[in-house]
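Okay, structure first, notes after.
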Amino acid sequence: MKSQISRVFRNKLSRFGILAIILIPCMEIIQLLSADIYEDSYLAEAFFLSASTIGHVTQIILLWFLPLYLLVICSDDPIQDKKAGVRDIWISKLGKKKYFFVKLKTSFIVSFSVIFLALTINFLINSLIFDMAGFSSANNYDGVSGEDFLKEQVESPYLSIFLFSLVTSFFAGLVGAAGTCFSMLTYDKKITYPVTFAFWYILISNKGSVMYLFQPFAEYGLETLLPIFITSTFAFLVLYILTYLHEVKINEI
């Protein structure tokens, strides 16, 4: 698996995708600094996932189109293997089962790590610019549906940021692995990219959007977030199992 991960970072297009993911949250900082209303903002409010800017443009650019970035970085690797004629060589060395899991684990680890790195860099840069004291006194969270959970987050803002960053990175890993699954099922970029995006779009656009899991200090309580976490994770697991059955148990080399 180490060779697979190093292969990702040797690829120029993959490095460009990683750089884009790191820079997009930095655009949020510029947007915050250019708005007078944020002159006295606090670090917890300025953090990328807190989505404090009007229109949430940078969050849309990164999180809505996350599968496409991850496909470019690592998730379409099986397609590249088949195109280069090395897929059968890898399978002859590793076996179909190990090949499947190596590709899946590589996509998950790289996708998780890239998003977590981007969020960490955003937090560290923000910590140099914005006040770390807490929240502005203008915020009033009384009466919202997830009031108790929200108050707990406000009382421990940096723990909340860390946990929500972990959840966001976890789902990035799941999305990256999903892109690998669709790559194995189709071995065609023209199909894989739109299908992976469509799969993700269903999860982010329905009533219980997975996006709720990525925003700390929002009005959603655990009674809303936990079912979304469980059902969304289950949807990914079903995809992985079906791909495993197709690639390892059914499909011939």
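Convention: chains lettered A, B, ... in structure tokens order; per-chain residue numbering from 1; ligands numbered from 1 as shown.
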
For this session: Quick one: everything within 12 Å of stretch 223-240 of chain A, counting only C-alpha atoms, minus sequence neighbours fewer than 4 positions away in the same chain. Send it as a ChimeraX atom specification.
Result: /A:100-101,103-105,108,145-149,164,167-168,170-185,196,199-204,206-216,218-219,244-248

For this session: Mind the document's chain letters and residue numbers, and return as a PyMOL selection string the residues of stretch 1-243 of chain A that DSSP labels helix (DSSP H, G or I).
Result: chain A and resi 2-10+12-34+36-38+43-46+48-50+57-64+66-75+77-84+87-94+96-129+147-155+157-186+189-205+210-214+222-243

Contacts of stretch 113-123 of chain A at 8 Å (only C-alpha atoms; same-chain gap of 4+ positions) as a PDB file with N, CA and C atoms, in the first residue's frame:
ATOM      1  N   ILE A  18      -4.514  18.077  -4.682  1.00  0.00           N
ATOM      2  CA  ILE A  18      -4.248  18.273  -3.253  1.00  0.00           C
ATOM      3  C   ILE A  18      -4.068  19.757  -2.951  1.00  0.00           C
ATOM      4  N   ILE A  21      -7.405  21.598  -2.884  1.00  0.00           N
ATOM      5  CA  ILE A  21      -8.159  21.347  -1.657  1.00  0.00           C
ATOM      6  C   ILE A  21      -7.600  22.155  -0.489  1.00  0.00           C
ATOM      7  N   ILE A  22      -6.301  22.334  -0.445  1.00  0.00           N
ATOM      8  CA  ILE A  22      -5.678  23.122   0.630  1.00  0.00           C
ATOM      9  C   ILE A  22      -5.953  24.612   0.456  1.00  0.00           C
ATOM     10  N   LEU A  23      -5.961  25.081  -0.789  1.00  0.00           N
ATOM     11  CA  LEU A  23      -6.099  26.517  -1.044  1.00  0.00           C
ATOM     12  C   LEU A  23      -7.539  27.024  -0.927  1.00  0.00           C
ATOM     13  N   PRO A  25     -10.015  26.485   1.295  1.00  0.00           N
ATOM     14  CA  PRO A  25     -10.329  27.077   2.601  1.00  0.00           C
ATOM     15  C   PRO A  25      -9.588  28.389   2.856  1.00  0.00           C
ATOM     16  N   CYS A  26      -8.429  28.570   2.237  1.00  0.00           N
ATOM     17  CA  CYS A  26      -7.697  29.830   2.395  1.00  0.00           C
ATOM     18  C   CYS A  26      -8.440  30.976   1.712  1.00  0.00           C
ATOM     19  N   LEU A  43     -11.962  32.985  16.343  1.00  0.00           N
ATOM     20  CA  LEU A  43     -11.410  31.856  15.605  1.00  0.00           C
ATOM     21  C   LEU A  43     -12.452  30.778  15.328  1.00  0.00           C
ATOM     22  N   PHE A  47     -13.433  29.593  11.429  1.00  0.00           N
ATOM     23  CA  PHE A  47     -12.995  28.297  10.916  1.00  0.00           C
ATOM     24  C   PHE A  47     -13.824  27.898   9.704  1.00  0.00           C
ATOM     25  N   PHE A  48     -13.190  27.261   8.750  1.00  0.00           N
ATOM     26  CA  PHE A  48     -13.810  26.960   7.459  1.00  0.00           C
ATOM     27  C   PHE A  48     -15.147  26.247   7.584  1.00  0.00           C
ATOM     28  N   ILE A 109      -7.394   6.452   2.954  1.00  0.00           N
ATOM     29  CA  ILE A 109      -6.333   7.102   3.733  1.00  0.00           C
ATOM     30  C   ILE A 109      -5.895   8.415   3.104  1.00  0.00           C
ATOM     31  N   SER A 127      -5.822  30.949  13.434  1.00  0.00           N
ATOM     32  CA  SER A 127      -5.404  31.203  14.817  1.00  0.00           C
ATOM     33  C   SER A 127      -4.403  32.356  14.902  1.00  0.00           C
ATOM     34  N   SER A 165     -14.098  18.142  12.315  1.00  0.00           N
ATOM     35  CA  SER A 165     -13.061  17.956  11.292  1.00  0.00           C
ATOM     36  C   SER A 165     -12.800  16.474  11.053  1.00  0.00           C
ATOM     37  N   LEU A 166     -12.796  15.689  12.132  1.00  0.00           N
ATOM     38  CA  LEU A 166     -12.623  14.244  11.996  1.00  0.00           C
ATOM     39  C   LEU A 166     -13.766  13.618  11.205  1.00  0.00           C
ATOM     40  N   THR A 168     -15.759  15.122   9.045  1.00  0.00           N
ATOM     41  CA  THR A 168     -15.653  15.570   7.655  1.00  0.00           C
ATOM     42  C   THR A 168     -14.577  14.777   6.916  1.00  0.00           C
ATOM     43  N   SER A 169     -13.436  14.571   7.558  1.00  0.00           N
ATOM     44  CA  SER A 169     -12.344  13.816   6.948  1.00  0.00           C
ATOM     45  C   SER A 169     -12.738  12.356   6.759  1.00  0.00           C
ATOM     46  N   ALA A 172     -14.846  12.192   3.791  1.00  0.00           N
ATOM     47  CA  ALA A 172     -13.991  12.370   2.616  1.00  0.00           C
ATOM     48  C   ALA A 172     -13.337  11.040   2.258  1.00  0.00           C
TER      49      ALA A 172
END

Exercise. Nearest to A:Thr58 among A:Pro78, A:Ile24, A:Leu124, A:Ser92, with distances taken over only C-alpha atoms: which residue is it?
Worked result: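 For A:Thr58, the nearest of the candidates is A:Ile24.
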
Seminar exercise, completed: Using only C-alpha atoms, the shortest atom-to-atom distance to A:Gln59 among A:Ile89, A:Val110, A:Met27, A:Val102 belongs to A:Met27

Exercise. Any idea what's packed within 6 Å of A:Ile79, counting only C-alpha atoms, ignoring anything in its chain fewer than 3 positions away? Could you give it as a ChimeraX atom specification?
Worked result: /A:76,82,183,187

For the selection just defined, write its residues with all heavy atoms to a file, as a short mmCIF file (atom, residue, chain, number, x, y, z; two decimals), in the first residue's frame.
data_model
loop_
_atom_site.label_atom_id
_atom_site.label_comp_id
_atom_site.auth_asym_id
_atom_site.auth_seq_id
_atom_site.Cartn_x
_atom_site.Cartn_y
_atom_site.Cartn_z
N ASP A 76 -9.56 7.44 -9.10
CA ASP A 76 -9.69 6.82 -10.42
C ASP A 76 -8.46 5.98 -10.77
O ASP A 76 -8.24 5.62 -11.93
CB ASP A 76 -9.97 7.87 -11.50
CG ASP A 76 -8.78 8.78 -11.76
OD1 ASP A 76 -7.77 8.66 -11.06
OD2 ASP A 76 -8.87 9.62 -12.69
N LYS A 82 -5.81 0.02 -15.53
CA LYS A 82 -6.29 -0.74 -16.69
C LYS A 82 -5.83 -0.09 -17.99
O LYS A 82 -5.43 -0.78 -18.93
CB LYS A 82 -7.81 -0.82 -16.65
CG LYS A 82 -8.37 -1.77 -17.72
CD LYS A 82 -9.80 -2.15 -17.45
CE LYS A 82 -10.26 -3.21 -18.44
NZ LYS A 82 -11.65 -3.64 -18.19
N SER A 183 -14.92 3.39 -10.06
CA SER A 183 -13.87 3.20 -11.06
C SER A 183 -13.72 1.72 -11.41
O SER A 183 -13.55 1.36 -12.59
CB SER A 183 -12.53 3.74 -10.54
OG SER A 183 -12.56 5.13 -10.37
N TYR A 187 -14.57 1.25 -15.08
CA TYR A 187 -13.29 1.43 -15.76
C TYR A 187 -13.41 2.41 -16.92
O TYR A 187 -12.82 2.24 -17.98
CB TYR A 187 -12.73 0.09 -16.25
CG TYR A 187 -12.25 -0.78 -15.12
CD1 TYR A 187 -13.01 -1.86 -14.67
CD2 TYR A 187 -11.05 -0.51 -14.47
CE1 TYR A 187 -12.58 -2.65 -13.61
CE2 TYR A 187 -10.61 -1.29 -13.41
CZ TYR A 187 -11.39 -2.36 -12.98
OH TYR A 187 -10.95 -3.13 -11.93
#

Problem set entry | Residue contacts of A:Val72 (12 Å, only C-alpha atoms) excluding same-chain residues fewer than 3 positions away, as a PyMOL selection string | chain A and resi 8-9+11-21+65-69+75-80+107+110-111+176+179-180+183+189+192-193

Exercise. Counting only C-alpha atoms, which of A:Phe130, A:Phe197, A:Glu152, A:Thr106 gets nearest to A:Gln4?
Worked result: A:Thr106

Seminar exercise, completed: A straight line from atom CA of A:Leu33 to atom CA of A:Leu49 spans 16.4 Å

Seminar exercise, completed: Between A:Ile191, A:Val154, A:Ile5, A:Ala84, smallest distance to A:Glu45 by only C-alpha atoms belongs to A:Val154
